[in-house]
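**Q** Just upload.pdb, nothing more (PDB, C-alpha atoms, pLDDT in the B column):
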```pdb
ATOM      1  CA  MET A   1      10.271  -9.505 -15.133  1.00 52.00           C
ATOM      2  CA  THR A   2       9.909 -12.802 -13.358  1.00 57.00           C
ATOM      3  CA  LEU A   3       6.551 -13.655 -11.861  1.00 60.00           C
ATOM      4  CA  SER A   4       6.335 -16.125  -9.036  1.00 63.00           C
ATOM      5  CA  GLY A   5       3.368 -17.493  -7.188  1.00 58.00           C
ATOM      6  CA  GLN A   6       1.477 -18.441 -10.337  1.00 57.00           C
ATOM      7  CA  ARG A   7      -0.762 -21.481 -10.241  1.00 56.00           C
ATOM      8  CA  ASP A   8       0.474 -24.662 -11.883  1.00 57.00           C
ATOM      9  CA  GLY A   9      -0.605 -24.869 -15.479  1.00 60.00           C
ATOM     10  CA  TYR A  10      -1.048 -21.098 -15.911  1.00 68.00           C
ATOM     11  CA  ARG A  11       1.111 -20.359 -18.923  1.00 80.00           C
ATOM     12  CA  CYS A  12       1.611 -16.718 -19.748  1.00 83.00           C
ATOM     13  CA  PHE A  13       3.901 -14.440 -21.693  1.00 84.00           C
ATOM     14  CA  LEU A  14       3.826 -11.001 -20.065  1.00 85.00           C
ATOM     15  CA  THR A  15       5.167  -7.880 -21.728  1.00 89.00           C
ATOM     16  CA  VAL A  16       5.532  -4.410 -20.263  1.00 91.00           C
ATOM     17  CA  PRO A  17       5.782  -1.498 -22.715  1.00 93.00           C
ATOM     18  CA  ALA A  18       8.846   0.699 -22.124  1.00 94.00           C
ATOM     19  CA  ALA A  19       6.756   3.760 -21.163  1.00 95.00           C
ATOM     20  CA  GLU A  20       4.854   1.804 -18.482  1.00 94.00           C
ATOM     21  CA  ARG A  21       8.041   0.170 -17.220  1.00 92.00           C
ATOM     22  CA  ASN A  22       9.675   3.593 -16.876  1.00 95.00           C
ATOM     23  CA  ARG A  23       6.619   4.932 -15.036  1.00 95.00           C
ATOM     24  CA  LEU A  24       6.650   1.982 -12.625  1.00 94.00           C
ATOM     25  CA  VAL A  25      10.369   2.496 -11.922  1.00 93.00           C
ATOM     26  CA  ARG A  26       9.888   6.243 -11.304  1.00 95.00           C
ATOM     27  CA  SER A  27       6.750   5.811  -9.162  1.00 93.00           C
ATOM     28  CA  HIS A  28       7.968   2.838  -7.134  1.00 93.00           C
ATOM     29  CA  GLN A  29      11.668   3.472  -6.579  1.00 93.00           C
ATOM     30  CA  LEU A  30      12.087   1.186  -3.568  1.00 92.00           C
ATOM     31  CA  ALA A  31      10.429  -1.693  -5.412  1.00 93.00           C
ATOM     32  CA  ALA A  32      12.588  -1.076  -8.497  1.00 92.00           C
ATOM     33  CA  ALA A  33      15.749  -0.996  -6.353  1.00 92.00           C
ATOM     34  CA  THR A  34      14.684  -4.231  -4.651  1.00 92.00           C
ATOM     35  CA  LEU A  35      14.088  -5.942  -7.999  1.00 91.00           C
ATOM     36  CA  ALA A  36      17.493  -4.756  -9.219  1.00 91.00           C
ATOM     37  CA  GLN A  37      19.220  -6.778  -6.481  1.00 91.00           C
ATOM     38  CA  PRO A  38      20.147 -10.413  -7.147  1.00 91.00           C
ATOM     39  CA  ALA A  39      17.223 -12.591  -6.041  1.00 86.00           C
ATOM     40  CA  ALA A  40      19.389 -14.569  -3.601  1.00 88.00           C
ATOM     41  CA  THR A  41      20.399 -11.445  -1.634  1.00 91.00           C
ATOM     42  CA  ARG A  42      17.026  -9.682  -1.436  1.00 89.00           C
ATOM     43  CA  GLN A  43      15.675  -9.057   2.060  1.00 87.00           C
ATOM     44  CA  ALA A  44      12.204  -8.363   0.693  1.00 91.00           C
ATOM     45  CA  HIS A  45       9.682  -9.200  -2.018  1.00 91.00           C
ATOM     46  CA  VAL A  46       7.818  -7.004  -4.470  1.00 93.00           C
ATOM     47  CA  VAL A  47       4.093  -7.485  -5.011  1.00 92.00           C
ATOM     48  CA  ALA A  48       2.626  -6.264  -8.292  1.00 91.00           C
ATOM     49  CA  LEU A  49      -0.940  -5.356  -9.116  1.00 91.00           C
ATOM     50  CA  LEU A  50      -1.173  -5.263 -12.894  1.00 91.00           C
ATOM     51  CA  TYR A  51      -3.963  -4.304 -15.266  1.00 94.00           C
ATOM     52  CA  VAL A  52      -3.398  -6.262 -18.459  1.00 93.00           C
ATOM     53  CA  THR A  53      -4.993  -7.024 -21.786  1.00 94.00           C
ATOM     54  CA  ALA A  54      -4.716 -10.692 -22.606  1.00 92.00           C
ATOM     55  CA  ARG A  55      -5.452 -13.062 -25.441  1.00 92.00           C
ATOM     56  CA  ASN A  56      -5.133 -16.791 -25.967  1.00 91.00           C
ATOM     57  CA  ILE A  57      -2.458 -17.825 -28.401  1.00 90.00           C
ATOM     58  CA  VAL A  58      -3.973 -19.861 -31.188  1.00 89.00           C
ATOM     59  CA  ALA A  59      -1.314 -21.105 -33.575  1.00 86.00           C
ATOM     60  CA  PRO A  60      -1.837 -24.462 -35.258  1.00 87.00           C
ATOM     61  CA  ASN A  61       0.950 -26.951 -34.599  1.00 88.00           C
ATOM     62  CA  SER A  62       2.662 -24.569 -32.147  1.00 88.00           C
ATOM     63  CA  ARG A  63       3.818 -25.534 -28.706  1.00 87.00           C
ATOM     64  CA  TRP A  64       2.499 -22.124 -27.494  1.00 86.00           C
ATOM     65  CA  THR A  65      -1.142 -22.879 -28.375  1.00 87.00           C
ATOM     66  CA  GLY A  66      -3.246 -22.457 -25.243  1.00 84.00           C
ATOM     67  CA  TRP A  67      -0.782 -20.053 -23.644  1.00 88.00           C
ATOM     68  CA  ILE A  68      -1.778 -16.470 -22.880  1.00 89.00           C
ATOM     69  CA  GLN A  69      -0.122 -13.356 -24.277  1.00 90.00           C
ATOM     70  CA  ALA A  70      -0.658 -10.472 -21.806  1.00 90.00           C
ATOM     71  CA  GLU A  71       0.453  -6.862 -22.023  1.00 93.00           C
ATOM     72  CA  VAL A  72       0.604  -4.617 -18.970  1.00 93.00           C
ATOM     73  CA  ARG A  73      -1.455  -1.439 -19.414  1.00 95.00           C
ATOM     74  CA  THR A  74      -0.769  -0.022 -15.962  1.00 95.00           C
ATOM     75  CA  GLY A  75       0.156  -1.271 -12.549  1.00 93.00           C
ATOM     76  CA  ALA A  76       1.481  -0.639  -9.082  1.00 93.00           C
ATOM     77  CA  LEU A  77       4.313  -2.201  -7.089  1.00 93.00           C
ATOM     78  CA  MET A  78       4.641  -2.631  -3.333  1.00 93.00           C
ATOM     79  CA  THR A  79       7.751  -3.738  -1.474  1.00 93.00           C
ATOM     80  CA  VAL A  80       6.945  -6.185   1.315  1.00 94.00           C
ATOM     81  CA  SER A  81       8.898  -8.057   3.970  1.00 93.00           C
ATOM     82  CA  ARG A  82       9.306 -11.819   3.912  1.00 90.00           C
ATOM     83  CA  SER A  83       6.200 -11.824   6.160  1.00 91.00           C
ATOM     84  CA  MET A  84       4.326  -9.832   3.457  1.00 92.00           C
ATOM     85  CA  LEU A  85       4.257  -6.593   5.465  1.00 93.00           C
ATOM     86  CA  PRO A  86       4.530  -3.419   3.354  1.00 92.00           C
ATOM     87  CA  PHE A  87       7.352  -1.017   4.172  1.00 91.00           C
ATOM     88  CA  GLU A  88       8.796   2.195   2.766  1.00 88.00           C
ATOM     89  CA  SER A  89      12.393   2.099   4.028  1.00 91.00           C
ATOM     90  CA  SER A  90      15.028  -0.337   5.227  1.00 91.00           C
ATOM     91  CA  HIS A  91      14.444   1.035   8.742  1.00 94.00           C
ATOM     92  CA  GLU A  92      10.721   0.171   8.599  1.00 94.00           C
ATOM     93  CA  LEU A  93      11.681  -3.287   7.334  1.00 94.00           C
ATOM     94  CA  ALA A  94      13.987  -3.767  10.340  1.00 95.00           C
ATOM     95  CA  VAL A  95      11.199  -2.785  12.755  1.00 97.00           C
ATOM     96  CA  ALA A  96       8.630  -4.979  10.987  1.00 96.00           C
ATOM     97  CA  ASP A  97      10.975  -7.970  11.131  1.00 95.00           C
ATOM     98  CA  ALA A  98      11.765  -7.284  14.820  1.00 96.00           C
ATOM     99  CA  LEU A  99       8.050  -7.056  15.695  1.00 97.00           C
ATOM    100  CA  VAL A 100       7.356 -10.350  13.926  1.00 96.00           C
ATOM    101  CA  ALA A 101      10.365 -12.023  15.571  1.00 96.00           C
ATOM    102  CA  ALA A 102       9.170 -10.826  18.989  1.00 96.00           C
ATOM    103  CA  GLY A 103       5.690 -12.254  18.353  1.00 95.00           C
ATOM    104  CA  ARG A 104       4.038  -8.860  18.829  1.00 96.00           C
ATOM    105  CA  ALA A 105       0.501  -8.042  17.704  1.00 95.00           C
ATOM    106  CA  PHE A 106       0.507  -4.925  15.541  1.00 96.00           C
ATOM    107  CA  GLU A 107      -1.130  -3.106  12.666  1.00 93.00           C
ATOM    108  CA  LYS A 108       0.676  -1.601   9.673  1.00 92.00           C
ATOM    109  CA  PRO A 109      -1.345   1.385   8.394  1.00 88.00           C
ATOM    110  CA  LEU A 110      -1.079   1.847   4.636  1.00 81.00           C
ATOM    111  CA  ARG A 111      -0.672   5.043   2.679  1.00 70.00           C
ATOM    112  CA  PHE A 112      -4.276   4.976   1.411  1.00 65.00           C
ATOM    113  CA  ASP A 113      -5.403   5.201   5.047  1.00 53.00           C
ATOM    114  CA  ALA A 114      -3.856   8.682   5.150  1.00 52.00           C
ATOM    115  CA  GLU A 115      -6.902  10.325   3.583  1.00 58.00           C
ATOM    116  CA  ARG A 116      -8.787   9.719   6.814  1.00 60.00           C
ATOM    117  CA  ASN A 117      -5.948  10.789   9.082  1.00 60.00           C
ATOM    118  CA  LEU A 118      -3.428  13.506   8.308  1.00 71.00           C
ATOM    119  CA  VAL A 119      -0.951  11.876  10.698  1.00 80.00           C
ATOM    120  CA  PHE A 120      -0.716   8.130  10.883  1.00 83.00           C
ATOM    121  CA  PRO A 121       2.064   6.053  12.424  1.00 92.00           C
ATOM    122  CA  ASP A 122       4.297   3.500  10.730  1.00 93.00           C
ATOM    123  CA  PHE A 123       2.989   0.783  13.072  1.00 95.00           C
ATOM    124  CA  ILE A 124       0.427   0.480  15.867  1.00 94.00           C
ATOM    125  CA  LEU A 125       1.140  -2.028  18.616  1.00 95.00           C
ATOM    126  CA  GLN A 126      -2.097  -3.789  19.552  1.00 95.00           C
ATOM    127  CA  ASP A 127      -0.860  -5.857  22.497  1.00 94.00           C
ATOM    128  CA  THR A 128      -0.079  -3.096  25.015  1.00 91.00           C
ATOM    129  CA  ALA A 129      -2.132  -1.907  27.967  1.00 86.00           C
ATOM    130  CA  ARG A 130      -3.583   0.930  25.844  1.00 85.00           C
ATOM    131  CA  SER A 131      -6.783  -0.371  24.245  1.00 80.00           C
ATOM    132  CA  ALA A 132      -6.545   2.039  21.287  1.00 81.00           C
ATOM    133  CA  GLY A 133      -3.078   0.774  20.378  1.00 89.00           C
ATOM    134  CA  TYR A 134       0.380   2.253  20.803  1.00 93.00           C
ATOM    135  CA  PRO A 135       1.656   4.346  17.868  1.00 95.00           C
ATOM    136  CA  MET A 136       5.157   3.667  16.552  1.00 96.00           C
ATOM    137  CA  GLU A 137       7.140   5.983  14.293  1.00 95.00           C
ATOM    138  CA  VAL A 138      10.406   5.337  12.424  1.00 96.00           C
ATOM    139  CA  PHE A 139      12.334   8.488  11.487  1.00 95.00           C
ATOM    140  CA  GLY A 140      14.915   7.795   8.818  1.00 93.00           C
ATOM    141  CA  ARG A 141      15.773  10.993   6.957  1.00 93.00           C
ATOM    142  CA  THR A 142      17.256  14.387   7.713  1.00 93.00           C
ATOM    143  CA  ASP A 143      16.264  16.552   4.736  1.00 94.00           C
ATOM    144  CA  GLU A 144      14.493  19.837   5.459  1.00 95.00           C
ATOM    145  CA  ALA A 145      10.995  18.828   4.303  1.00 93.00           C
ATOM    146  CA  TYR A 146      11.148  15.561   6.256  1.00 93.00           C
ATOM    147  CA  THR A 147      12.443  17.314   9.382  1.00 94.00           C
ATOM    148  CA  ALA A 148       9.500  19.740   9.266  1.00 94.00           C
ATOM    149  CA  ARG A 149       7.059  16.851   8.804  1.00 92.00           C
ATOM    150  CA  ARG A 150       8.737  14.999  11.673  1.00 94.00           C
ATOM    151  CA  ALA A 151       8.289  17.996  14.011  1.00 95.00           C
ATOM    152  CA  GLY A 152       4.592  18.112  13.139  1.00 93.00           C
ATOM    153  CA  LYS A 153       4.205  14.397  13.823  1.00 93.00           C
ATOM    154  CA  GLU A 154       6.053  14.615  17.134  1.00 94.00           C
ATOM    155  CA  ASN A 155       3.843  17.521  18.218  1.00 94.00           C
ATOM    156  CA  TYR A 156       0.696  15.623  17.209  1.00 93.00           C
ATOM    157  CA  TYR A 157       1.740  12.431  19.033  1.00 93.00           C
ATOM    158  CA  ASN A 158       2.759  14.349  22.178  1.00 94.00           C
ATOM    159  CA  MET A 159      -0.548  16.273  22.210  1.00 93.00           C
ATOM    160  CA  THR A 160      -2.661  13.175  21.491  1.00 90.00           C
ATOM    161  CA  PHE A 161      -0.849  10.428  23.412  1.00 90.00           C
ATOM    162  CA  GLY A 162       1.398  12.315  25.863  1.00 89.00           C
ATOM    163  CA  ALA A 163       5.174  12.594  25.845  1.00 86.00           C
ATOM    164  CA  GLY A 164       5.705   8.935  26.801  1.00 86.00           C
ATOM    165  CA  GLY A 165       2.645   7.549  25.058  1.00 91.00           C
ATOM    166  CA  TRP A 166       4.180   6.673  21.736  1.00 95.00           C
ATOM    167  CA  TRP A 167       7.322   4.910  20.499  1.00 96.00           C
ATOM    168  CA  SER A 168       9.887   6.222  18.028  1.00 95.00           C
ATOM    169  CA  TRP A 169      13.249   5.319  16.537  1.00 96.00           C
ATOM    170  CA  ASP A 170      15.497   7.986  15.049  1.00 95.00           C
ATOM    171  CA  ALA A 171      17.391   5.712  12.684  1.00 95.00           C
ATOM    172  CA  THR A 172      19.610   8.600  11.561  1.00 93.00           C
ATOM    173  CA  THR A 173      21.326   8.837  14.966  1.00 91.00           C
ATOM    174  CA  ALA A 174      20.716   5.468  16.667  1.00 80.00           C
ATOM    175  CA  SER A 175      21.812   2.293  14.940  1.00 83.00           C
ATOM    176  CA  ARG A 176      19.910   0.007  17.298  1.00 92.00           C
ATOM    177  CA  ILE A 177      16.147  -0.253  17.460  1.00 96.00           C
ATOM    178  CA  PRO A 178      14.946   0.915  20.908  1.00 95.00           C
ATOM    179  CA  ALA A 179      13.075  -1.531  23.119  1.00 95.00           C
ATOM    180  CA  PHE A 180       9.406  -1.859  22.254  1.00 96.00           C
ATOM    181  CA  PRO A 181       6.741  -0.935  24.809  1.00 93.00           C
ATOM    182  CA  PRO A 182       5.921  -3.955  26.949  1.00 92.00           C
ATOM    183  CA  ALA A 183       3.087  -6.240  25.972  1.00 91.00           C
ATOM    184  CA  ARG A 184       0.232  -6.493  28.433  1.00 86.00           C
ATOM    185  CA  LYS A 185       0.288  -9.527  30.628  1.00 78.00           C
ATOM    186  CA  GLU A 186      -2.366 -12.093  29.828  1.00 66.00           C
ATOM    187  CA  ARG A 187      -4.745 -12.938  32.669  1.00 56.00           C
ATOM    188  CA  ARG A 188      -5.241 -16.611  33.396  1.00 53.00           C
TER     189      ARG A 188
END
```
If you convert what's in this file into structure tokens, what do you get?

**A**
Amino acid sequence: MTLSGQRDGYRCFLTVPAAERNRLVRSHQLAAATLAQPAATRQAHVVALLYVTARNIVAPNSRWTGWIQAEVRTGALMTVSRSMLPFESSHELAVADALVAAGRAFEKPLRFDAERNLVFPDFILQDTARSAGYPMEVFGRTDEAYTARRAGKENYYNMTFGAGGWWSWDATTASRIPAFPPARKERR
């Protein structure tokens, strides 16, 4: 595991026990797949939150004296775009990158927000005429459970925002991202 973003002078050996590594790979499959790609070809980054036990290395006449030996006890991984936006599929990544490239103002709800809301969108545009934001949904699978969940989401969005009051992309049938709702015009 290569860590980047460490402060200069922070010298650390980090080990991950096999059981914890296997759990991280099983629980965070997209992050594991991203890390398995050669660094030069990755379209995304992986952020890790790790709980570790650490100790200073004290070994007389050793070049490692003053370094830290840390062992991961547990952790979590999150795959993020180059702009540090979390995503859960390559389709979400494409939309996130397109929103950033277009200079749009938007929110990216996270999974932990779901406890408050049973249905939450992949993105919420904040720069449209609607003051409460404009929900955006990326549909990227066709399995039976996902299709049922999709129908529930579509019904919810249509009931809450109206048939034309939310944006979606069915990435399973359309290769191009549909046009985003227009941004409100700034008053001068």

**Q** For the file shown, report as a compact mmCIF listing (two decimals) with C-alpha atoms, keeping the file's coordinate frame the outcome of the PyMOL selection byres ((chain A and resi 150) around 12) at residue level.

**A**
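Listed below is the output, out_39.txt:
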```txt
# COMPACT_ATOMS: atom_id res chain seq x y z
CA VAL A 119 -0.95 11.88 10.70
CA PHE A 120 -0.72 8.13 10.88
CA PRO A 121 2.06 6.05 12.42
CA GLU A 137 7.14 5.98 14.29
CA VAL A 138 10.41 5.34 12.42
CA PHE A 139 12.33 8.49 11.49
CA GLY A 140 14.92 7.80 8.82
CA ARG A 141 15.77 10.99 6.96
CA THR A 142 17.26 14.39 7.71
CA ASP A 143 16.26 16.55 4.74
CA GLU A 144 14.49 19.84 5.46
CA ALA A 145 11.00 18.83 4.30
CA TYR A 146 11.15 15.56 6.26
CA THR A 147 12.44 17.31 9.38
CA ALA A 148 9.50 19.74 9.27
CA ARG A 149 7.06 16.85 8.80
CA ALA A 151 8.29 18.00 14.01
CA GLY A 152 4.59 18.11 13.14
CA LYS A 153 4.20 14.40 13.82
CA GLU A 154 6.05 14.62 17.13
CA ASN A 155 3.84 17.52 18.22
CA TYR A 156 0.70 15.62 17.21
CA TYR A 157 1.74 12.43 19.03
CA SER A 168 9.89 6.22 18.03
CA TRP A 169 13.25 5.32 16.54
CA ASP A 170 15.50 7.99 15.05
```

**Q** How many Å separate CA of Pro181 in chain A from CA of Arg82 in chain A?

**A**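 Between these atoms lies a distance of 23.7 Å.
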
**Q** Given the file shown, determine the residues that the PyMOL selection byres ((chain A and resi 130-132) around 12) selects; report them as a compact mmCIF listing (two decimals) with C-alpha atoms, keeping the file's coordinate frame.

**A**
```txt
# COMPACT_ATOMS: atom_id res chain seq x y z
CA PHE A 106 0.51 -4.92 15.54
CA GLU A 107 -1.13 -3.11 12.67
CA ILE A 124 0.43 0.48 15.87
CA LEU A 125 1.14 -2.03 18.62
CA GLN A 126 -2.10 -3.79 19.55
CA ASP A 127 -0.86 -5.86 22.50
CA THR A 128 -0.08 -3.10 25.02
CA ALA A 129 -2.13 -1.91 27.97
CA GLY A 133 -3.08 0.77 20.38
CA TYR A 134 0.38 2.25 20.80
CA PRO A 135 1.66 4.35 17.87
CA THR A 160 -2.66 13.18 21.49
CA PHE A 161 -0.85 10.43 23.41
CA GLY A 165 2.64 7.55 25.06
CA TRP A 166 4.18 6.67 21.74
CA PRO A 181 6.74 -0.94 24.81
CA PRO A 182 5.92 -3.96 26.95
CA ALA A 183 3.09 -6.24 25.97
CA ARG A 184 0.23 -6.49 28.43
```

**Q** Between A:Asp97, A:Trp64, A:Met136, A:Glu92, which is the closest to Ala171 in chain A once you count all atoms listed in the file?

**A**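 Among A:Asp97, A:Trp64, A:Met136, A:Glu92, it is A:Glu92 that comes nearest to Ala171 in chain A.
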
**Q** Step by step, gather every atom of range 118-132 of chain A that the file lists, find the box along x, y and z that holds them, add 6 Å on each side, and finally give centre and edge lengths in Å to one decimal, as JSON.

**A**
```
{"center_x": -1.2, "center_y": 3.8, "center_z": 18.1, "size_x": 23.1, "size_y": 31.4, "size_z": 31.7}
```

**Q** Restricting the calculation to only C-alpha atoms, which member of A:Trp67, A:Phe13, A:Phe123, A:Phe87 is positioned closest to Val46 in chain A?

**A**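 Under the stated criterion, the closest residue is A:Phe87.
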
**Q** Return as a ChimeraX atom specification the set of residues that the PyMOL selection byres ((chain A and resi 76) around 7) yields on the displayed structure.

**A** /A:24,48-50,75,77-78

**Q** Compare A:Val95, A:Lys108, A:Val72, A:Gly162 by their minimum atom-to-atom distance to Ala179 in chain A, counting all atoms listed in the file, and give me the closest one.

**A**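 Ranked by minimum distance to Ala179 in chain A, first place goes to A:Val95.
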
**Q** Can you measure CA of Cys12 in chain A to CA of Ala70 in chain A for me? One decimal in Å is fine.

**A** 7.0 Å

**Q** Just the number, please: distance in Å from CA of Ala39 in chain A to CA of Thr53 in chain A, one decimal.

**A**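 Separating CA of Ala39 in chain A from CA of Thr53 in chain A is a distance of 27.8 Å.
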
**Q** Quick one: residues within 10 Å of range 26-31 of chain A, all atoms listed in the file counted, chain neighbours fewer than 3 positions away excluded, as a VMD selection string?

**A** chain A and resid 20 to 23 34 to 36 44 to 48 76 to 80 87 to 90

**Q** Name the residues within 8 Å of (1.8, -12.3, -22.2), counting only C-alpha atoms in the file's coordinates, and put them as a list of chain:residue names.

**A**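 Applying the cut-off with only C-alpha atoms, one gets A:Cys12, A:Phe13, A:Leu14, A:Thr15, A:Ala54, A:Arg55, A:Ile68, A:Gln69, A:Ala70, A:Glu71.
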
**Q** Which one of A:Ala40, A:Pro178, A:Arg111, A:Gly66 sits closest to Ala98 in chain A if you count only C-alpha atoms?

**A**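 Smallest distance to Ala98 in chain A is found for A:Pro178.
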
**Q** Identify which of the residues A:Arg73, A:Gln37, A:Ala105, A:Tyr51 lies closest to Phe180 in chain A, counting all atoms listed in the file when measuring atom-to-atom distances.

**A**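 Closest residue, counting all atoms listed in the file: A:Ala105.
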
**Q** So which one's closest to Leu85 in chain A, A:Thr173, A:Leu99, A:Val25, A:Asn56? Using all atoms listed in the file, please.

**A** A:Leu99
